[in-house]
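To start, the structure itself, in structure tokens.
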Amino acid sequence: MAFRLPPSAAAVAAGISLGISDVLAKLVLASGADVLSMLSFRSVIGLAFVAAWLGFGQKPKADTRLRIISMASGVMFAGLIFCLFKAIEAIDVPTAVLSYFTYPLLTGIGASLLGFEPLRIRGVLCALAAFLGLGVMIGAHPAGLAIAGVVYGIGAACCRTGVLLATRAWLMGADARLTTWYSMISSTALFIAVSLAKNSWHMPQSGPGWSCLIVLSFATTAAILLVFISTVRIGPFRTALIMHLEPLFAMITSALLLSEVITPLQGLGSAIMLAALIAFQIWR
């Protein structure tokens with residue numbers, strides 16, 4: 001009898017992959033690379049990966065409207081990953097990733113303000129609890145915290161919120177492969193253009209740093225594919241819930257590879273935040 005993976009396996013793999021990639025990014029930056037150079041390299045690898053992915057099976061077609069909206073979303077996506085990795089550069093990985101994971105709350109609030117869906121009192125209470133958990137984690141940081149890192153993390157969350165709301169408003173039902181492709185074209189072009197304008201390339205200065213960068217580039221792009229597969233198999237809601245594995249595995253991997261061990265009070269704040277985020281997505 002053939003062994004079959006459960007339907008949720010793709011989402012689980014994506015969450016784990018992204019959590020580990022967040023830590024690999026910290027190692028790449030520690031090896032002498034800067035955020036912009038790292039993202040330019042990663043984006044080129046990702047674009048080639050998605051191009052190969054689109055080469056299999058029947059090729060989907062996109063109209064002008066989808067191309068324009070997807071490429072505009074790609075600009076916001078560029079802001080997302082730039083802010084996220086700047087946060088990882090500035091502070092410890094768990095706090096950076098959890099600051100970024102305020103995006104479900106911001107998306108729910110934004111969707112309510114725009115009239116896409118109501119925000120019930122239970123959702124408001126969960127949002128308050130999640131921000132309380134983040135506040136506990138930040139306040140309990142044993143060595144103090146660079147506020148810029150948290151600001152970058154929340155900035156990444158704001159960009160992710162913009163991408164999700166734009167998708168909700170204008171790209172519902174669109175082929176995710178095409179929206180991914182066109183958004184990656186614009187984000188990659190933006191990173192390369194800025195890098196060329198600055199004329200400042202800082203790549204890893206060691207073999208392990210290059211290894212981490214290559215693994216990071218493929219792992220994050222593979223995660224995009226896995227999220228698409230998971231959305232088709234189990235739906236966007238269950239996929240979003242499972243993606244909370246990203247901050248969990250970022251914590252575990254950062255403890256193993258970076259010795260970024262959180263204190264018990266930080267752990268309590270993290271647990272409160274993750275529980276509230278999951279409850280928010282279920283009850284809002």
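Residues in the structure tokens are numbered from 1 in each chain, the chains being A, B, ... in the order shown, and ligands are numbered from 1 in the order shown.
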
Next item on the list: Using DSSP on the backbone coordinates, identify the residues of region 121-230 of chain A assigned to alpha helix (DSSP H); present them as number ranges by chain.
Entry: A: 121-139, 147-170, 176-198, 207-230

Next item on the list: Determine, counting only C-alpha atoms, which protein, DNA and RNA residues have an atom within 9 Å of an atom of Ser195 (chain A); residues of the same chain fewer than 6 positions away are not included. Present the result as a ChimeraX atom specification.
Entry: /A:36-37,40,201

Could you write those residues out with N, CA and C atoms, as a short mmCIF file (atom, residue, chain, number, x, y, z; two decimals), in the first residue's frame?
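See out_18.cif below for the written result:
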data_model
loop_
_atom_site.label_atom_id
_atom_site.label_comp_id
_atom_site.auth_asym_id
_atom_site.auth_seq_id
_atom_site.Cartn_x
_atom_site.Cartn_y
_atom_site.Cartn_z
N LEU A 36 19.98 44.40 1.09
CA LEU A 36 19.61 44.65 -0.30
C LEU A 36 20.30 43.68 -1.25
N SER A 37 21.59 43.42 -1.04
CA SER A 37 22.32 42.48 -1.90
C SER A 37 21.76 41.06 -1.73
N SER A 40 18.42 40.86 -3.56
CA SER A 40 18.59 40.86 -5.02
C SER A 40 18.96 39.47 -5.51
N TRP A 201 27.51 46.43 -3.48
CA TRP A 201 27.17 45.02 -3.35
C TRP A 201 27.99 44.41 -2.20
#

Next item on the list: Could you tell me which of A:Ile224, A:Pro236, A:Ile16, A:Lys26 comes closest to Asp92 (chain A) if we count only C-alpha atoms?
Entry: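 Residue with the minimum atom-to-atom distance to Asp92 (chain A): A:Lys26.
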
Notebook entry, point to check: For Gly74 (chain A), which residue out of A:Thr180, A:Ser270, A:Thr253, A:Ser217 is the nearest one, using only C-alpha atoms?
Noted result: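 Looking only at the distances to Gly74 (chain A), the closest residue turns out to be A:Thr180.
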
Mind dumping a table of every region 164-283 of chain A residue within 12 Å of region 93-103 of chain A, with the nearest atom pair and its distance in Å to one decimal, using only C-alpha atoms, sorted by chain and rising number, as CSV?
residue,atom,partner,partner_atom,distance
A:Leu164,CA,A:Tyr103,CA,9.3
A:Leu165,CA,A:Tyr103,CA,11.0
A:Ala240,CA,A:Phe101,CA,11.3
A:Leu241,CA,A:Phe101,CA,11.7
A:Met243,CA,A:Phe101,CA,10.1
A:His244,CA,A:Phe101,CA,8.4
A:Leu245,CA,A:Phe101,CA,11.1
A:Glu246,CA,A:Val97,CA,8.1
A:Pro247,CA,A:Val97,CA,5.8
A:Leu248,CA,A:Pro94,CA,8.1
A:Phe249,CA,A:Pro94,CA,9.1
A:Ala250,CA,A:Pro94,CA,6.0
A:Met251,CA,A:Pro94,CA,5.1
A:Ile252,CA,A:Pro94,CA,8.9
A:Thr253,CA,A:Val93,CA,9.4
A:Ser254,CA,A:Val93,CA,6.6
A:Ala255,CA,A:Pro94,CA,9.4
A:Leu257,CA,A:Val93,CA,11.1
A:Leu258,CA,A:Val93,CA,9.1
A:Ser259,CA,A:Val93,CA,10.7
A:Glu260,CA,A:Val93,CA,7.8
A:Val261,CA,A:Pro94,CA,9.3
A:Ile262,CA,A:Pro94,CA,8.3
A:Thr263,CA,A:Pro94,CA,11.7
A:Gln266,CA,A:Thr95,CA,9.2
A:Gly267,CA,A:Pro94,CA,10.0
A:Gly269,CA,A:Leu98,CA,10.3
A:Ser270,CA,A:Leu98,CA,7.7
A:Ala271,CA,A:Leu98,CA,10.6
A:Ile272,CA,A:Leu98,CA,11.3
A:Met273,CA,A:Leu98,CA,8.1
A:Leu274,CA,A:Leu98,CA,8.4
A:Ala276,CA,A:Thr102,CA,10.5
A:Leu277,CA,A:Thr102,CA,8.0
A:Ile278,CA,A:Phe101,CA,10.9
A:Phe280,CA,A:Thr102,CA,10.9
A:Gln281,CA,A:Tyr103,CA,11.1

Write a file of the just-selected residues containing C-alpha atoms, as a PDB file, in the first residue's frame.
ATOM      1  CA  LEU A 164      -3.592  40.702   1.266  1.00  0.00           C
ATOM      2  CA  LEU A 165      -6.185  43.471   1.028  1.00  0.00           C
ATOM      3  CA  ALA A 240      -3.015  30.527   7.151  1.00  0.00           C
ATOM      4  CA  LEU A 241      -3.485  28.817  10.513  1.00  0.00           C
ATOM      5  CA  MET A 243       1.626  29.024   8.724  1.00  0.00           C
ATOM      6  CA  HIS A 244       1.947  29.990  12.397  1.00  0.00           C
ATOM      7  CA  LEU A 245       4.601  27.285  12.408  1.00  0.00           C
ATOM      8  CA  GLU A 246       6.941  29.929  10.942  1.00  0.00           C
ATOM      9  CA  PRO A 247       7.497  31.916  14.175  1.00  0.00           C
ATOM     10  CA  LEU A 248       7.565  28.703  16.212  1.00  0.00           C
ATOM     11  CA  PHE A 249      10.322  27.147  14.101  1.00  0.00           C
ATOM     12  CA  ALA A 250      12.143  30.472  13.904  1.00  0.00           C
ATOM     13  CA  MET A 251      12.364  30.357  17.709  1.00  0.00           C
ATOM     14  CA  ILE A 252      13.533  26.742  17.762  1.00  0.00           C
ATOM     15  CA  THR A 253      16.103  27.168  14.989  1.00  0.00           C
ATOM     16  CA  SER A 254      17.439  30.456  16.361  1.00  0.00           C
ATOM     17  CA  ALA A 255      18.019  28.750  19.709  1.00  0.00           C
ATOM     18  CA  LEU A 257      21.974  27.899  15.517  1.00  0.00           C
ATOM     19  CA  LEU A 258      22.225  31.375  17.019  1.00  0.00           C
ATOM     20  CA  SER A 259      21.912  30.683  20.754  1.00  0.00           C
ATOM     21  CA  GLU A 260      19.054  33.195  20.878  1.00  0.00           C
ATOM     22  CA  VAL A 261      17.345  31.545  23.829  1.00  0.00           C
ATOM     23  CA  ILE A 262      14.299  33.437  25.076  1.00  0.00           C
ATOM     24  CA  THR A 263      13.577  33.940  28.773  1.00  0.00           C
ATOM     25  CA  GLN A 266       9.440  36.149  26.759  1.00  0.00           C
ATOM     26  CA  GLY A 267       8.198  32.617  26.154  1.00  0.00           C
ATOM     27  CA  GLY A 269       4.482  36.564  25.851  1.00  0.00           C
ATOM     28  CA  SER A 270       5.169  34.570  22.675  1.00  0.00           C
ATOM     29  CA  ALA A 271       2.686  31.865  23.677  1.00  0.00           C
ATOM     30  CA  ILE A 272      -0.008  34.461  24.440  1.00  0.00           C
ATOM     31  CA  MET A 273       0.563  36.151  21.094  1.00  0.00           C
ATOM     32  CA  LEU A 274       0.519  32.957  19.008  1.00  0.00           C
ATOM     33  CA  ALA A 276      -4.357  35.004  20.295  1.00  0.00           C
ATOM     34  CA  LEU A 277      -3.384  35.134  16.606  1.00  0.00           C
ATOM     35  CA  ILE A 278      -4.822  31.682  15.979  1.00  0.00           C
ATOM     36  CA  PHE A 280      -8.310  35.775  15.998  1.00  0.00           C
ATOM     37  CA  GLN A 281      -8.289  33.958  12.672  1.00  0.00           C
TER      38      GLN A 281
END

Checklist line | Shortest interatomic distance to Ser31 (chain A) - which of A:Leu114, A:Val194, A:Cys212, A:Val232, counting only C-alpha atoms | finding: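 Result for the nearest residue to Ser31 (chain A): A:Cys212.
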
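Of note, CA of Val124 (chain A) and CA of Ala275 (chain A) are spaced 14.1 Å apart.
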
Notebook entry, point to check: Taking only C-alpha atoms into account, which of A:Tyr152, A:Phe218, A:Trp283, A:Trp181 comes nearest Cys126 (chain A)?
Noted result: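 When distances to Cys126 (chain A) are compared using only C-alpha atoms, the smallest one comes from A:Trp283.
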
Note to self: Taking only C-alpha atoms into account, name the residue in A:Val150, A:Val75, A:Leu18, A:Val227 that is nearest to Gly135 (chain A).
What the structure shows: A:Val150

Next item on the list: Point out the residue among A:Met71, A:Leu5, A:Ala148, A:Leu119 with the least atom-to-atom distance to Thr179 (chain A), counting only C-alpha atoms.
Entry: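 Of A:Met71, A:Leu5, A:Ala148, A:Leu119, the one nearest Thr179 (chain A) is A:Met71, counting only C-alpha atoms.
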
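Computed from the coordinates, the CA of Ala169 (chain A) to CA of Ile282 (chain A) distance equals 21.1 Å.
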
Item checked: Contact residues around region 49-62 of chain A with only C-alpha atoms at 12 Å, ignoring same-chain residues under 6 positions, as a ChimeraX atom specification -> /A:42-43,68-70,171,174-185,217-226,228

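CA of Glu89 (chain A) is found 7.7 Å from CA of Gly149 (chain A).
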
Next item on the list: Would you list the contacts of Val136 (chain A) as number ranges by chain, taking every protein, DNA or RNA residue within 9 Å and counting only C-alpha atoms, but skipping same-chain residues closer than 3 positions in sequence?
Entry: A: 131-133, 139-141, 265-266, 268-270

Next item on the list: Quick one: everything within 7 Å of Ile81 (chain A), counting only C-alpha atoms, minus sequence neighbours fewer than 4 positions away in the same chain. Send it as a PyMOL selection string.
Entry: chain A and resi 77+85+156

Give me a file of those residues, with N, CA and C atoms, as a short mmCIF file (atom, residue, chain, number, x, y, z; two decimals), in the first residue's frame.
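Generated output (again.cif):
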data_model
loop_
_atom_site.label_atom_id
_atom_site.label_comp_id
_atom_site.auth_asym_id
_atom_site.auth_seq_id
_atom_site.Cartn_x
_atom_site.Cartn_y
_atom_site.Cartn_z
N PHE A 77 5.29 43.79 -1.84
CA PHE A 77 5.99 42.59 -1.39
C PHE A 77 7.48 42.88 -1.19
N PHE A 85 13.64 41.47 6.73
CA PHE A 85 15.04 41.11 6.90
C PHE A 85 15.84 42.22 7.59
N ALA A 156 6.88 45.52 7.93
CA ALA A 156 6.68 44.34 7.08
C ALA A 156 5.23 43.85 7.19
#
